[in-house]
$ cat run_31.cif   # mmCIF, C-alpha atoms
data_model
loop_
_atom_site.label_atom_id
_atom_site.label_comp_id
_atom_site.auth_asym_id
_atom_site.auth_seq_id
_atom_site.Cartn_x
_atom_site.Cartn_y
_atom_site.Cartn_z
CA MET Q 1 0.00 0.00 0.00
CA VAL Q 2 1.43 3.39 -1.05
CA GLN Q 3 1.53 5.88 1.81
CA THR Q 4 -0.16 9.20 1.13
CA PRO Q 5 2.43 12.00 1.46
CA SER Q 6 1.84 14.65 4.07
CA HIS Q 7 3.34 17.96 5.10
CA THR Q 8 5.78 18.30 7.95
CA SER Q 9 4.19 18.86 11.36
CA SER Q 10 4.44 22.65 11.20
CA TYR Q 11 2.16 25.44 12.33
CA TYR Q 12 1.64 26.25 8.67
CA ALA Q 13 0.38 22.77 7.82
CA ALA Q 14 -1.91 22.82 10.86
CA SER Q 15 -3.44 26.15 9.74
CA ALA Q 16 -3.55 25.57 5.97
CA ASN Q 17 -6.58 26.96 4.15
CA ASP Q 18 -6.66 24.11 1.63
CA THR Q 19 -6.00 20.51 2.67
CA ARG Q 20 -7.22 18.88 -0.56
CA MET Q 21 -4.98 16.20 -2.05
CA ARG Q 22 -4.57 16.43 -5.81
CA PRO Q 23 -4.46 13.00 -7.48
CA PRO Q 24 -1.23 11.51 -8.84
CA LEU Q 25 -0.55 11.23 -12.56
CA LYS Q 26 -1.62 7.84 -13.94
CA GLU Q 27 -1.64 8.40 -17.70
CA HIS Q 28 0.47 9.67 -20.59
CA ILE Q 29 -0.33 13.27 -21.45
CA LYS Q 30 0.88 16.19 -23.58
CA THR Q 31 1.16 19.81 -22.53
CA ASP Q 32 2.90 23.05 -23.47
CA VAL Q 33 5.01 23.29 -20.31
CA CYS Q 34 5.75 20.67 -17.65
CA ILE Q 35 6.96 22.02 -14.33
CA ILE Q 36 8.62 19.73 -11.77
CA GLY Q 37 8.05 21.08 -8.28
CA ALA Q 38 5.04 22.87 -6.78
CA GLY Q 39 6.85 25.49 -4.73
CA TYR Q 40 7.16 29.22 -5.33
CA THR Q 41 9.39 28.88 -8.41
CA GLY Q 42 7.05 26.37 -10.01
CA MET Q 43 3.85 28.18 -9.07
CA SER Q 44 5.10 31.62 -10.11
CA THR Q 45 6.22 30.25 -13.49
CA ALA Q 46 2.99 28.27 -13.93
CA LEU Q 47 0.84 31.26 -13.04
CA HIS Q 48 2.66 33.66 -15.37
CA LEU Q 49 2.42 31.15 -18.23
CA ALA Q 50 -1.22 30.26 -17.55
CA GLU Q 51 -2.05 33.96 -17.60
CA ALA Q 52 -0.44 34.07 -21.07
CA GLY Q 53 -2.59 31.17 -22.31
CA TYR Q 54 -0.12 28.28 -22.05
CA ARG Q 55 -1.22 24.76 -21.07
CA VAL Q 56 0.69 24.06 -17.87
CA THR Q 57 1.13 20.76 -16.03
CA VAL Q 58 2.84 20.64 -12.63
CA LEU Q 59 4.29 17.47 -11.10
CA GLU Q 60 4.87 17.49 -7.34
CA ALA Q 61 6.63 14.56 -5.68
CA SER Q 62 4.86 15.15 -2.37
CA ARG Q 63 2.41 17.97 -1.61
CA ILE Q 64 2.09 21.54 -2.88
CA GLY Q 65 4.53 23.63 -0.83
CA PHE Q 66 6.09 20.58 0.80
CA GLY Q 67 9.62 22.01 0.69
CA ALA Q 68 11.00 25.40 1.65
CA SER Q 69 8.04 27.26 0.12
CA GLY Q 70 5.70 25.87 2.75
CA ARG Q 71 8.09 25.89 5.71
CA ASN Q 72 10.04 29.15 5.62
CA GLY Q 73 9.94 32.14 7.96
CA GLY Q 74 7.33 33.88 5.83
CA GLN Q 75 9.26 37.13 5.29
CA ILE Q 76 9.46 39.34 2.20
CA VAL Q 77 13.17 40.18 2.04
CA ASN Q 78 14.31 42.06 -1.04
CA SER Q 79 17.47 41.61 -3.12
CA TYR Q 80 19.59 38.43 -3.13
CA SER Q 81 21.61 36.51 -0.57
CA ARG Q 82 24.65 38.31 -2.00
CA ASP Q 83 23.85 41.98 -2.48
CA ILE Q 84 24.24 44.09 -5.59
CA ASP Q 85 27.64 45.52 -4.63
CA PHE Q 86 29.07 41.98 -4.40
CA ILE Q 87 27.67 41.21 -7.85
CA GLU Q 88 29.17 44.39 -9.30
CA LYS Q 89 32.58 43.63 -7.77
CA HIS Q 90 32.77 40.04 -9.02
CA TYR Q 91 30.84 40.15 -12.30
CA GLY Q 92 31.04 43.74 -13.49
CA LYS Q 93 29.01 46.94 -13.35
CA ASP Q 94 26.73 45.96 -16.23
CA VAL Q 95 25.68 42.66 -14.62
CA GLY Q 96 25.25 44.43 -11.29
CA LYS Q 97 23.05 47.07 -12.90
CA GLN Q 98 20.85 44.49 -14.62
CA MET Q 99 20.48 42.39 -11.47
CA GLY Q 100 19.88 45.55 -9.48
CA GLN Q 101 16.96 46.38 -11.76
CA MET Q 102 15.40 43.00 -10.87
CA ALA Q 103 16.36 42.83 -7.18
CA PHE Q 104 13.14 44.33 -5.82
CA GLU Q 105 10.63 42.89 -8.28
CA GLY Q 106 9.87 39.59 -6.53
CA GLY Q 107 8.00 41.19 -3.66
CA ARG Q 108 5.83 43.16 -6.09
CA ILE Q 109 4.99 39.97 -8.00
CA LEU Q 110 4.04 38.23 -4.75
CA ARG Q 111 1.76 41.10 -3.75
CA ARG Q 112 0.14 41.14 -7.19
CA PHE Q 113 -0.74 37.47 -6.89
CA VAL Q 114 -2.25 38.04 -3.45
CA ARG Q 115 -4.28 40.98 -4.72
CA ASP Q 116 -5.39 39.62 -8.09
CA TYR Q 117 -6.37 36.18 -6.83
CA ASN Q 118 -7.59 37.18 -3.37
CA ILE Q 119 -5.13 34.86 -1.60
CA GLN Q 120 -5.76 34.72 2.14
CA CYS Q 121 -2.28 34.48 3.67
CA ASP Q 122 -2.20 37.05 6.52
CA LEU Q 123 -0.05 39.48 4.50
CA LYS Q 124 1.32 42.28 6.69
CA GLU Q 125 3.64 45.18 5.90
CA GLY Q 126 7.18 46.14 6.93
CA GLY Q 127 10.42 44.21 7.36
CA ILE Q 128 13.26 45.13 9.71
CA PHE Q 129 16.99 44.35 9.50
CA ALA Q 130 18.32 44.59 13.07
CA ALA Q 131 21.98 45.36 13.83
CA CYS Q 132 23.56 43.59 16.80
CA ASN Q 133 26.63 45.88 16.85
CA ARG Q 134 28.01 49.07 15.37
CA ARG Q 135 29.74 47.30 12.47
CA GLN Q 136 26.44 45.81 11.38
CA PHE Q 137 24.68 49.17 11.66
CA ASN Q 138 27.35 50.74 9.44
CA GLU Q 139 26.65 47.99 6.91
CA LEU Q 140 22.94 48.83 7.07
CA GLU Q 141 23.74 52.45 6.27
CA GLU Q 142 25.68 51.20 3.23
CA LYS Q 143 22.81 48.88 2.26
CA LYS Q 144 20.34 51.78 2.34
CA ALA Q 145 22.57 53.87 0.06
CA LEU Q 146 23.18 50.90 -2.26
CA TRP Q 147 19.51 50.00 -2.64
CA GLU Q 148 18.49 53.63 -3.14
CA SER Q 149 21.11 53.97 -5.87
CA HIS Q 150 19.26 51.17 -7.69
CA GLY Q 151 15.89 52.90 -7.33
CA HIS Q 152 14.53 51.18 -4.23
CA GLU Q 153 12.46 53.44 -2.00
CA GLY Q 154 10.76 53.06 1.36
CA LEU Q 155 13.90 52.58 3.50
CA GLU Q 156 14.35 54.16 6.93
CA LEU Q 157 17.26 53.92 9.38
CA LEU Q 158 16.37 53.58 13.06
CA ASP Q 159 18.66 54.41 15.98
CA SER Q 160 18.65 52.22 19.08
CA LYS Q 161 15.76 54.11 20.72
CA GLN Q 162 13.64 54.03 17.56
CA THR Q 163 14.45 50.35 17.14
CA MET Q 164 13.01 49.63 20.59
CA GLU Q 165 9.78 51.32 19.45
CA HIS Q 166 9.52 48.56 16.82
CA ILE Q 167 11.11 45.63 18.70
CA GLY Q 168 10.64 45.12 22.44
CA THR Q 169 14.26 44.32 23.27
CA ASP Q 170 17.49 46.19 24.02
CA ARG Q 171 19.51 43.67 22.00
CA TYR Q 172 20.04 45.87 18.93
CA THR Q 173 22.26 48.86 18.16
CA GLY Q 174 19.94 50.09 15.42
CA ALA Q 175 17.99 48.88 12.42
CA LEU Q 176 16.89 49.47 8.85
CA ILE Q 177 13.20 49.16 8.08
CA ASP Q 178 12.14 48.32 4.54
CA HIS Q 179 8.54 49.48 4.29
CA THR Q 180 8.12 47.41 1.11
CA GLY Q 181 9.06 44.27 3.05
CA GLY Q 182 6.52 42.30 5.01
CA HIS Q 183 5.40 38.88 6.17
CA PHE Q 184 2.74 36.26 5.51
CA HIS Q 185 1.66 32.62 5.90
CA PRO Q 186 3.97 30.90 3.38
CA LEU Q 187 2.04 27.67 2.86
CA ASN Q 188 -1.26 29.49 2.36
CA LEU Q 189 0.45 31.72 -0.20
CA VAL Q 190 1.66 28.82 -2.36
CA LEU Q 191 -1.67 26.99 -1.96
CA GLY Q 192 -3.44 30.14 -3.13
CA GLU Q 193 -1.11 30.41 -6.10
CA ALA Q 194 -1.82 26.77 -6.95
CA ALA Q 195 -5.56 27.43 -6.87
CA ALA Q 196 -5.00 30.41 -9.17
CA VAL Q 197 -3.10 28.21 -11.64
CA GLU Q 198 -5.96 25.70 -11.62
CA SER Q 199 -8.52 28.47 -12.11
CA LEU Q 200 -6.72 29.33 -15.37
CA GLY Q 201 -6.78 25.76 -16.66
CA GLY Q 202 -3.48 24.46 -15.26
CA THR Q 203 -3.24 20.96 -13.79
CA ILE Q 204 -1.30 19.93 -10.68
CA TYR Q 205 -0.50 16.33 -9.77
CA GLU Q 206 0.66 15.54 -6.24
CA ALA Q 207 2.46 12.38 -5.04
CA THR Q 208 4.04 12.21 -8.51
CA PRO Q 209 7.86 12.21 -8.44
CA ALA Q 210 9.60 12.73 -11.75
CA ILE Q 211 11.86 9.76 -12.42
CA SER Q 212 13.68 10.90 -15.55
CA ILE Q 213 13.73 13.53 -18.28
CA GLU Q 214 14.27 12.57 -21.90
CA GLU Q 215 15.66 15.51 -23.86
CA GLY Q 216 14.56 16.26 -27.40
CA SER Q 217 12.55 18.67 -29.49
CA MET Q 218 9.68 17.48 -27.29
CA ALA Q 219 10.92 16.61 -23.81
CA VAL Q 220 9.40 13.66 -21.95
CA VAL Q 221 9.15 13.58 -18.17
CA LYS Q 222 8.57 10.06 -16.91
CA THR Q 223 6.85 9.18 -13.66
CA GLU Q 224 6.07 5.84 -12.02
CA HIS Q 225 2.62 5.50 -13.60
CA GLY Q 226 2.67 7.96 -16.50
CA SER Q 227 4.55 10.57 -18.49
CA VAL Q 228 4.29 14.16 -19.68
CA THR Q 229 5.42 15.18 -23.16
CA ALA Q 230 6.02 18.91 -23.34
CA ASP Q 231 7.50 21.65 -25.48
CA TYR Q 232 9.29 22.96 -22.40
CA VAL Q 233 10.25 21.58 -18.99
CA LEU Q 234 11.17 23.52 -15.87
CA VAL Q 235 12.99 21.71 -13.07
CA ALA Q 236 12.08 23.57 -9.87
CA GLY Q 237 12.61 21.03 -7.10
CA ASN Q 238 15.44 23.02 -5.47
CA ALA Q 239 16.67 21.10 -2.38
CA TYR Q 240 14.23 18.23 -2.98
CA LEU Q 241 15.28 16.95 -6.43
CA ASN Q 242 16.57 13.64 -5.04
CA GLY Q 243 19.05 13.03 -7.85
CA LEU Q 244 16.80 13.86 -10.81
CA LEU Q 245 19.57 15.96 -12.40
CA PRO Q 246 22.88 14.57 -11.07
CA LYS Q 247 24.94 17.17 -12.97
CA LEU Q 248 23.48 19.88 -10.71
CA GLU Q 249 24.14 18.15 -7.38
CA SER Q 250 27.78 19.18 -7.02
CA LYS Q 251 26.85 22.83 -7.61
CA ALA Q 252 24.69 23.27 -4.50
CA MET Q 253 24.23 21.83 -1.04
CA PRO Q 254 21.02 21.23 0.95
CA CYS Q 255 21.01 22.97 4.34
CA GLY Q 256 18.43 22.85 7.09
CA THR Q 257 16.93 25.71 9.03
CA GLN Q 258 14.70 25.44 12.10
CA VAL Q 259 11.51 27.23 13.09
CA ILE Q 260 9.23 27.22 16.13
CA ALA Q 261 5.78 28.68 16.77
CA THR Q 262 4.71 29.52 20.30
CA GLU Q 263 1.24 29.25 21.70
CA PRO Q 264 -0.96 32.29 20.89
CA LEU Q 265 0.30 35.21 22.97
CA PRO Q 266 -1.90 37.69 24.89
CA GLU Q 267 -2.44 40.91 22.96
CA ASP Q 268 -0.49 42.99 25.47
CA VAL Q 269 2.51 40.67 25.09
CA GLN Q 270 2.29 40.90 21.30
CA LYS Q 271 2.29 44.70 21.55
CA ARG Q 272 5.37 44.67 23.77
CA LEU Q 273 7.34 42.28 21.56
CA LEU Q 274 6.52 43.75 18.14
CA PRO Q 275 4.50 46.98 18.58
CA LYS Q 276 4.30 47.70 14.85
CA ASP Q 277 3.74 44.05 13.85
CA ASN Q 278 6.75 44.06 11.51
CA CYS Q 279 8.91 41.04 10.82
CA VAL Q 280 12.55 41.06 11.89
CA GLU Q 281 15.80 39.43 10.87
CA ASP Q 282 19.13 40.26 12.48
CA CYS Q 283 22.37 40.86 10.58
CA ASN Q 284 24.38 37.91 11.86
CA TYR Q 285 25.76 35.36 9.41
CA LEU Q 286 23.75 32.64 11.21
CA LEU Q 287 20.80 34.92 11.64
CA ASP Q 288 17.64 34.85 13.75
CA TYR Q 289 14.31 35.83 12.16
CA TYR Q 290 10.90 36.23 13.73
CA ARG Q 291 7.43 37.70 13.41
CA LEU Q 292 3.87 37.38 14.72
CA SER Q 293 1.46 35.06 12.95
CA GLY Q 294 -2.09 36.00 12.05
CA ASP Q 295 -3.35 34.43 15.27
CA GLY Q 296 -0.75 36.03 17.52
CA ARG Q 297 1.96 33.38 17.85
CA LEU Q 298 5.61 34.30 17.77
CA ILE Q 299 7.24 32.43 14.88
CA TYR Q 300 10.97 32.33 15.52
CA GLY Q 301 13.59 30.70 13.31
CA GLY Q 302 17.30 30.48 12.73
CA GLY Q 303 20.34 28.29 12.77
CA VAL Q 304 21.72 26.17 9.96
CA THR Q 305 22.49 22.48 9.80
CA TYR Q 306 24.81 21.81 6.89
CA GLY Q 307 23.93 18.82 4.79
CA ALA Q 308 20.28 19.09 5.84
CA ARG Q 309 20.69 16.97 8.98
CA GLU Q 310 17.56 16.82 11.10
CA PRO Q 311 18.16 18.15 14.65
CA SER Q 312 16.83 15.84 17.31
CA LYS Q 313 15.00 18.66 19.01
CA VAL Q 314 14.44 21.93 17.20
CA GLU Q 315 13.40 23.74 20.38
CA SER Q 316 16.85 23.20 21.92
CA LEU Q 317 18.42 25.17 19.08
CA ILE Q 318 15.88 27.99 18.77
CA VAL Q 319 14.38 28.68 22.21
CA PRO Q 320 17.67 29.95 23.76
CA ASN Q 321 17.97 32.54 20.99
CA MET Q 322 14.32 33.53 21.37
CA LEU Q 323 14.82 34.05 25.13
CA LYS Q 324 17.98 36.08 24.48
CA THR Q 325 15.82 38.43 22.41
CA PHE Q 326 12.64 38.27 24.52
CA PRO Q 327 13.41 37.07 28.09
CA GLU Q 328 9.79 37.60 29.14
CA LEU Q 329 8.79 34.57 27.05
CA ARG Q 330 10.49 32.18 29.47
CA GLY Q 331 7.93 29.48 30.24
CA THR Q 332 5.92 30.17 27.06
CA LYS Q 333 4.73 26.96 25.46
CA VAL Q 334 6.07 25.99 22.04
CA ASP Q 335 3.20 24.45 20.09
CA TYR Q 336 5.07 23.63 16.85
CA ALA Q 337 8.68 23.01 15.86
CA TRP Q 338 9.91 21.99 12.43
CA THR Q 339 12.84 22.05 10.05
CA GLY Q 340 13.13 22.42 6.31
CA ASN Q 341 15.79 22.42 3.62
CA PHE Q 342 17.00 25.24 1.43
CA LEU Q 343 19.71 25.00 -1.21
CA LEU Q 344 23.01 26.82 -0.72
CA THR Q 345 25.35 27.67 -3.61
CA LEU Q 346 29.06 28.40 -3.23
CA MET Q 347 28.67 32.05 -4.25
CA ARG Q 348 25.26 32.32 -2.53
CA LEU Q 349 23.66 33.43 -5.79
CA PRO Q 350 20.79 31.61 -7.53
CA GLN Q 351 21.52 29.21 -10.37
CA PHE Q 352 19.43 29.47 -13.54
CA GLY Q 353 20.17 27.56 -16.70
CA ARG Q 354 19.11 25.49 -19.68
CA ILE Q 355 19.83 21.88 -20.53
CA GLY Q 356 19.57 21.59 -24.28
CA SER Q 357 17.15 24.07 -25.78
CA ASN Q 358 13.98 23.44 -23.80
CA VAL Q 359 14.76 22.14 -20.29
CA TYR Q 360 15.14 24.99 -17.81
CA TYR Q 361 16.14 24.93 -14.16
CA ALA Q 362 16.25 27.39 -11.27
CA GLN Q 363 17.63 26.64 -7.83
CA GLY Q 364 19.95 27.67 -5.03
CA TYR Q 365 18.42 30.85 -3.62
CA SER Q 366 20.66 30.42 -0.55
CA GLY Q 367 18.14 31.65 2.01
CA HIS Q 368 16.53 34.44 -0.09
CA GLY Q 369 14.04 32.29 -1.94
CA VAL Q 370 10.72 33.97 -1.15
CA THR Q 371 11.16 36.99 -3.41
CA CYS Q 372 13.76 35.62 -5.83
CA SER Q 373 11.66 32.54 -6.64
CA HIS Q 374 8.70 34.75 -7.57
CA LEU Q 375 11.02 36.80 -9.76
CA ALA Q 376 12.33 33.55 -11.26
CA GLY Q 377 8.83 32.60 -12.34
CA LYS Q 378 8.47 35.83 -14.29
CA VAL Q 379 11.96 35.63 -15.81
CA ILE Q 380 11.61 31.97 -16.85
CA SER Q 381 8.12 32.46 -18.25
CA ASP Q 382 9.42 35.37 -20.32
CA ALA Q 383 12.26 33.18 -21.61
CA ILE Q 384 9.85 30.44 -22.65
CA ARG Q 385 7.82 33.10 -24.47
CA GLY Q 386 10.94 34.18 -26.38
CA GLN Q 387 12.17 37.07 -24.23
CA ALA Q 388 15.29 35.57 -22.65
CA GLU Q 389 17.43 38.65 -21.98
CA ARG Q 390 16.81 38.74 -18.24
CA PHE Q 391 17.04 34.96 -17.89
CA ASP Q 392 20.41 35.06 -19.62
CA VAL Q 393 21.74 37.54 -17.05
CA PHE Q 394 21.14 34.95 -14.31
CA ALA Q 395 22.25 32.03 -16.47
CA GLY Q 396 25.50 33.85 -17.24
CA LEU Q 397 26.60 33.84 -13.59
CA PRO Q 398 29.30 31.19 -13.00
CA GLN Q 399 28.07 28.06 -11.23
CA TYR Q 400 30.94 26.70 -9.19
CA ARG Q 401 31.21 23.26 -7.65
CA PHE Q 402 31.69 23.02 -3.90
CA PRO Q 403 35.33 22.14 -3.07
CA GLY Q 404 36.03 18.75 -1.56
CA GLY Q 405 33.29 16.85 -3.35
CA ARG Q 406 30.42 15.17 -1.53
CA LEU Q 407 32.64 14.00 1.35
CA PHE Q 408 34.22 17.31 2.38
CA ARG Q 409 31.88 20.07 1.19
CA ILE Q 410 29.78 19.91 4.38
CA PRO Q 411 32.67 20.26 6.90
CA PHE Q 412 34.38 22.92 4.77
CA THR Q 413 31.18 24.98 4.63
CA ALA Q 414 30.51 24.50 8.34
CA MET Q 415 34.03 25.74 9.14
CA GLY Q 416 33.37 28.88 7.12
CA ALA Q 417 30.09 29.43 8.94
CA TRP Q 418 31.86 29.01 12.29
CA TYR Q 419 34.36 31.71 11.31
CA TYR Q 420 31.66 34.24 10.37
CA ASN Q 421 29.61 33.36 13.43
CA MET Q 422 32.63 34.11 15.64
CA ARG Q 423 33.01 37.47 13.88
CA ASP Q 424 29.39 38.26 14.67
CA GLN Q 425 29.79 37.25 18.31
CA LEU Q 426 32.90 39.45 18.67
CA GLY Q 427 31.38 42.33 16.72
CA VAL Q 428 34.35 42.64 14.38
#
$ encode --input "run_31.cif" --output "structure tokens"
Amino acid sequence: MVQTPSHTSSYYAASANDTRMRPPLKEHIKTDVCIIGAGYTGMSTALHLAEAGYRVTVLEASRIGFGASGRNGGQIVNSYSRDIDFIEKHYGKDVGKQMGQMAFEGGRILRRFVRDYNIQCDLKEGGIFAACNRRQFNELEEKKALWESHGHEGLELLDSKQTMEHIGTDRYTGALIDHTGGHFHPLNLVLGEAAAVESLGGTIYEATPAISIEEGSMAVVKTEHGSVTADYVLVAGNAYLNGLLPKLESKAMPCGTQVIATEPLPEDVQKRLLPKDNCVEDCNYLLDYYRLSGDGRLIYGGGVTYGAREPSKVESLIVPNMLKTFPELRGTKVDYAWTGNFLLTLMRLPQFGRIGSNVYYAQGYSGHGVTCSHLAGKVISDAIRGQAERFDVFAGLPQYRFPGGRLFRIPFTAMGAWYYNMRDQLGV
């Protein structure tokens, strides 16, 4: 008997608006575009293409939003994991300018989907970057100037006193608020996007892992009980591809992050912790991030386990950090704790590319997947429609292999993280 796949035991899964199970694929079909993976990348691409009249078929190995799209911290954070100045330094001013023009588009796409399709996902406004020391605050001043030079508005620096008016802790030296940032229920967002795709004639199959892809003028994606023949294929499984494209495995590494959700907090406690109801992430290399849910829980995440190892007890990793930020929560019950995988690249920049002429892939957002994956959907859909200039900017970025191969890439990366974490702790 085949076991029906289910979501991880997260707060998001427990509060999902749509718990329907789409049937698996059990026939041989043809379509314009076959998308492997029903996360943000897949849904954004499918929705853009369906809006343009394409026949879209989505294959999901487990459930819609099963991976990072349905488990993340639920924060709209603009730009990329490496910022525009890094891109300019390593790849040239022209590439930096082009990527800068796209760096703030993902959040606008996300908001358009929510508005146009009436997606109920507790969307709230305002995201804060919190500095733990003076060096980090100086970097936030530079970030504000950098982003404004690329046309991004709505940024405001906060001194330590102003920061405490937004965050009920004395832990931070200052902060930068991005008024175009925000937060939301991530699983309900991707479920709403899936419903929008279906409303436009798209089809989504769950519990349908792709087994192989046959390249050709018409690509064929084979599954256990069927196949999809398509003009174009997008591989959008990110950290959950499970060997479907072995040539990509050495270019990125799955990493785990952990999240908890407390019991619903009294309204007066909510007002003390986050008076403006913004979301927050600090500026450490191994950062903490947190926000209030729609029903008043504190959702707090952070930490990284390299190689996507499951921690035996997520609370033991996250609760001490939560109490360092908000000591008054000592004794507060944790109702949910979960982990999920994201895909890290060596340069911490996303990897877009083509295999042959009609198999596309996008992966490796390195912790900045919420906005960049929505941008990816627009960029990839444009490329499929014959407008590939922006896709080619991403695809032109070098995609390096991790040093040390499968055996050593995890310890090497963990050593690097330890070094940067020590810098954060020392404030240097």
$ closest_atom_pairs --input "run_31.cif" --of "stretch 51-82 of chain Q" --to "stretch 201-214 of chain Q" --cutoff "12 Å" --atoms "only C-alpha atoms" --output "Markdown table"
| residue | atom | partner | partner_atom | distance |
| --- | --- | --- | --- | --- |
| Q:Glu51 | CA | Q:Gly201 | CA | 9.5 |
| Q:Ala52 | CA | Q:Gly201 | CA | 11.3 |
| Q:Gly53 | CA | Q:Gly201 | CA | 8.9 |
| Q:Tyr54 | CA | Q:Gly202 | CA | 8.5 |
| Q:Arg55 | CA | Q:Gly202 | CA | 6.2 |
| Q:Val56 | CA | Q:Gly202 | CA | 4.9 |
| Q:Thr57 | CA | Q:Thr203 | CA | 4.9 |
| Q:Val58 | CA | Q:Ile204 | CA | 4.6 |
| Q:Leu59 | CA | Q:Tyr205 | CA | 5.1 |
| Q:Glu60 | CA | Q:Glu206 | CA | 4.8 |
| Q:Ala61 | CA | Q:Pro209 | CA | 3.8 |
| Q:Ser62 | CA | Q:Ala207 | CA | 4.5 |
| Q:Arg63 | CA | Q:Glu206 | CA | 5.5 |
| Q:Ile64 | CA | Q:Glu206 | CA | 7.0 |
| Q:Gly65 | CA | Q:Glu206 | CA | 10.5 |
| Q:Phe66 | CA | Q:Glu206 | CA | 10.2 |
$ write_last_selection --input "run_31.cif" --atoms "C-alpha atoms" --output "compact mmCIF listing (two decimals), in the coordinates of the input"
# COMPACT_ATOMS: atom_id res chain seq x y z
CA GLU Q 51 -2.05 33.96 -17.60
CA ALA Q 52 -0.44 34.07 -21.07
CA GLY Q 53 -2.59 31.17 -22.31
CA TYR Q 54 -0.12 28.28 -22.05
CA ARG Q 55 -1.22 24.76 -21.07
CA VAL Q 56 0.69 24.06 -17.87
CA THR Q 57 1.13 20.76 -16.03
CA VAL Q 58 2.84 20.64 -12.63
CA LEU Q 59 4.29 17.47 -11.10
CA GLU Q 60 4.87 17.49 -7.34
CA ALA Q 61 6.63 14.56 -5.68
CA SER Q 62 4.86 15.15 -2.37
CA ARG Q 63 2.41 17.97 -1.61
CA ILE Q 64 2.09 21.54 -2.88
CA GLY Q 65 4.53 23.63 -0.83
CA PHE Q 66 6.09 20.58 0.80
$ resolve_selection --input "run_31.cif" --expression "the PyMOL selection byres ((chain Q and resi 229) around 9)" --output "list of chain:residue names"
Q:His28, Q:Ile29, Q:Lys30, Q:Thr31, Q:Asp32, Q:Val33, Q:Cys34, Q:Met218, Q:Ala219, Q:Val220, Q:Val221, Q:Lys222, Q:Ser227, Q:Val228, Q:Ala230, Q:Asp231, Q:Tyr232
$ residues_near_point --input "run_31.cif" --point "(16.6, 24.0, 8.5)" --cutoff "7 Å" --atoms "only C-alpha atoms" --output "list in words"
Cys255, Gly256, Thr257, Gln258, Val304, Thr305, Ala308, Thr339, Gly340 and Asn341 of chain Q
$ resolve_selection --input "run_31.cif" --expression "the PyMOL selection byres ((chain Q and resi 68) around 10)" --output "tab-separated table (two decimals) with C-alpha atoms, in the coordinates of the input"
chain	number	residue	atom	x	y	z
Q	39	GLY	CA	6.85	25.49	-4.73
Q	40	TYR	CA	7.16	29.22	-5.33
Q	65	GLY	CA	4.53	23.63	-0.83
Q	66	PHE	CA	6.09	20.58	0.80
Q	67	GLY	CA	9.62	22.01	0.69
Q	69	SER	CA	8.04	27.26	0.12
Q	70	GLY	CA	5.70	25.87	2.75
Q	71	ARG	CA	8.09	25.89	5.71
Q	72	ASN	CA	10.04	29.15	5.62
Q	73	GLY	CA	9.94	32.14	7.96
Q	186	PRO	CA	3.97	30.90	3.38
Q	187	LEU	CA	2.04	27.67	2.86
Q	237	GLY	CA	12.61	21.03	-7.10
Q	238	ASN	CA	15.44	23.02	-5.47
Q	239	ALA	CA	16.67	21.10	-2.38
Q	240	TYR	CA	14.23	18.23	-2.98
Q	256	GLY	CA	18.43	22.85	7.09
Q	257	THR	CA	16.93	25.71	9.03
Q	339	THR	CA	12.84	22.05	10.05
Q	340	GLY	CA	13.13	22.42	6.31
Q	341	ASN	CA	15.79	22.42	3.62
Q	342	PHE	CA	17.00	25.24	1.43
Q	343	LEU	CA	19.71	25.00	-1.21
Q	367	GLY	CA	18.14	31.65	2.01
Q	369	GLY	CA	14.04	32.29	-1.94
Q	370	VAL	CA	10.72	33.97	-1.15
$ atom_distance --input "run_31.cif" --atom1 "atom CA of Q:Gly296" --atom2 "atom CA of Q:Lys161"
24.7 Å
$ axis_aligned_box --input "run_31.cif" --around "stretch 313-326 of chain Q" --padding-each-side "4 Å" --output "AutoDock Vina command-line options"
--center_x 15.5 --center_y 28.5 --center_z 21.2 --size_x 13.8 --size_y 27.8 --size_z 15.9
$ resolve_selection --input "run_31.cif" --expression "the PyMOL selection byres ((chain Q and resi 396-398) around 10)" --output "MDAnalysis selection string"
chainID Q and resid 87 90:91 95 347 349:353 391:395 399:401
$ closest_residue --input "run_31.cif" --among "Q:Asp295, Q:Glu281, Q:Glu249, Q:Glu263" --to "Q:Leu344" --atoms "only C-alpha atoms"
Q:Glu249
$ closest_residue --input "run_31.cif" --among "Q:Asn118, Q:Phe184, Q:Tyr289, Q:Gly356" --to "Q:Gly216" --atoms "only C-alpha atoms"
Q:Gly356
$ residues_near_point --input "run_31.cif" --point "(19.7, 22.2, -14.7)" --cutoff "7 Å" --atoms "only C-alpha atoms" --output "short mmCIF file (atom, residue, chain, number, x, y, z; two decimals) with C-alpha atoms, keeping the file's coordinate frame"
data_model
loop_
_atom_site.label_atom_id
_atom_site.label_comp_id
_atom_site.auth_asym_id
_atom_site.auth_seq_id
_atom_site.Cartn_x
_atom_site.Cartn_y
_atom_site.Cartn_z
CA VAL Q 235 12.99 21.71 -13.07
CA LEU Q 245 19.57 15.96 -12.40
CA LEU Q 248 23.48 19.88 -10.71
CA GLY Q 353 20.17 27.56 -16.70
CA ARG Q 354 19.11 25.49 -19.68
CA ILE Q 355 19.83 21.88 -20.53
CA TYR Q 360 15.14 24.99 -17.81
CA TYR Q 361 16.14 24.93 -14.16
#
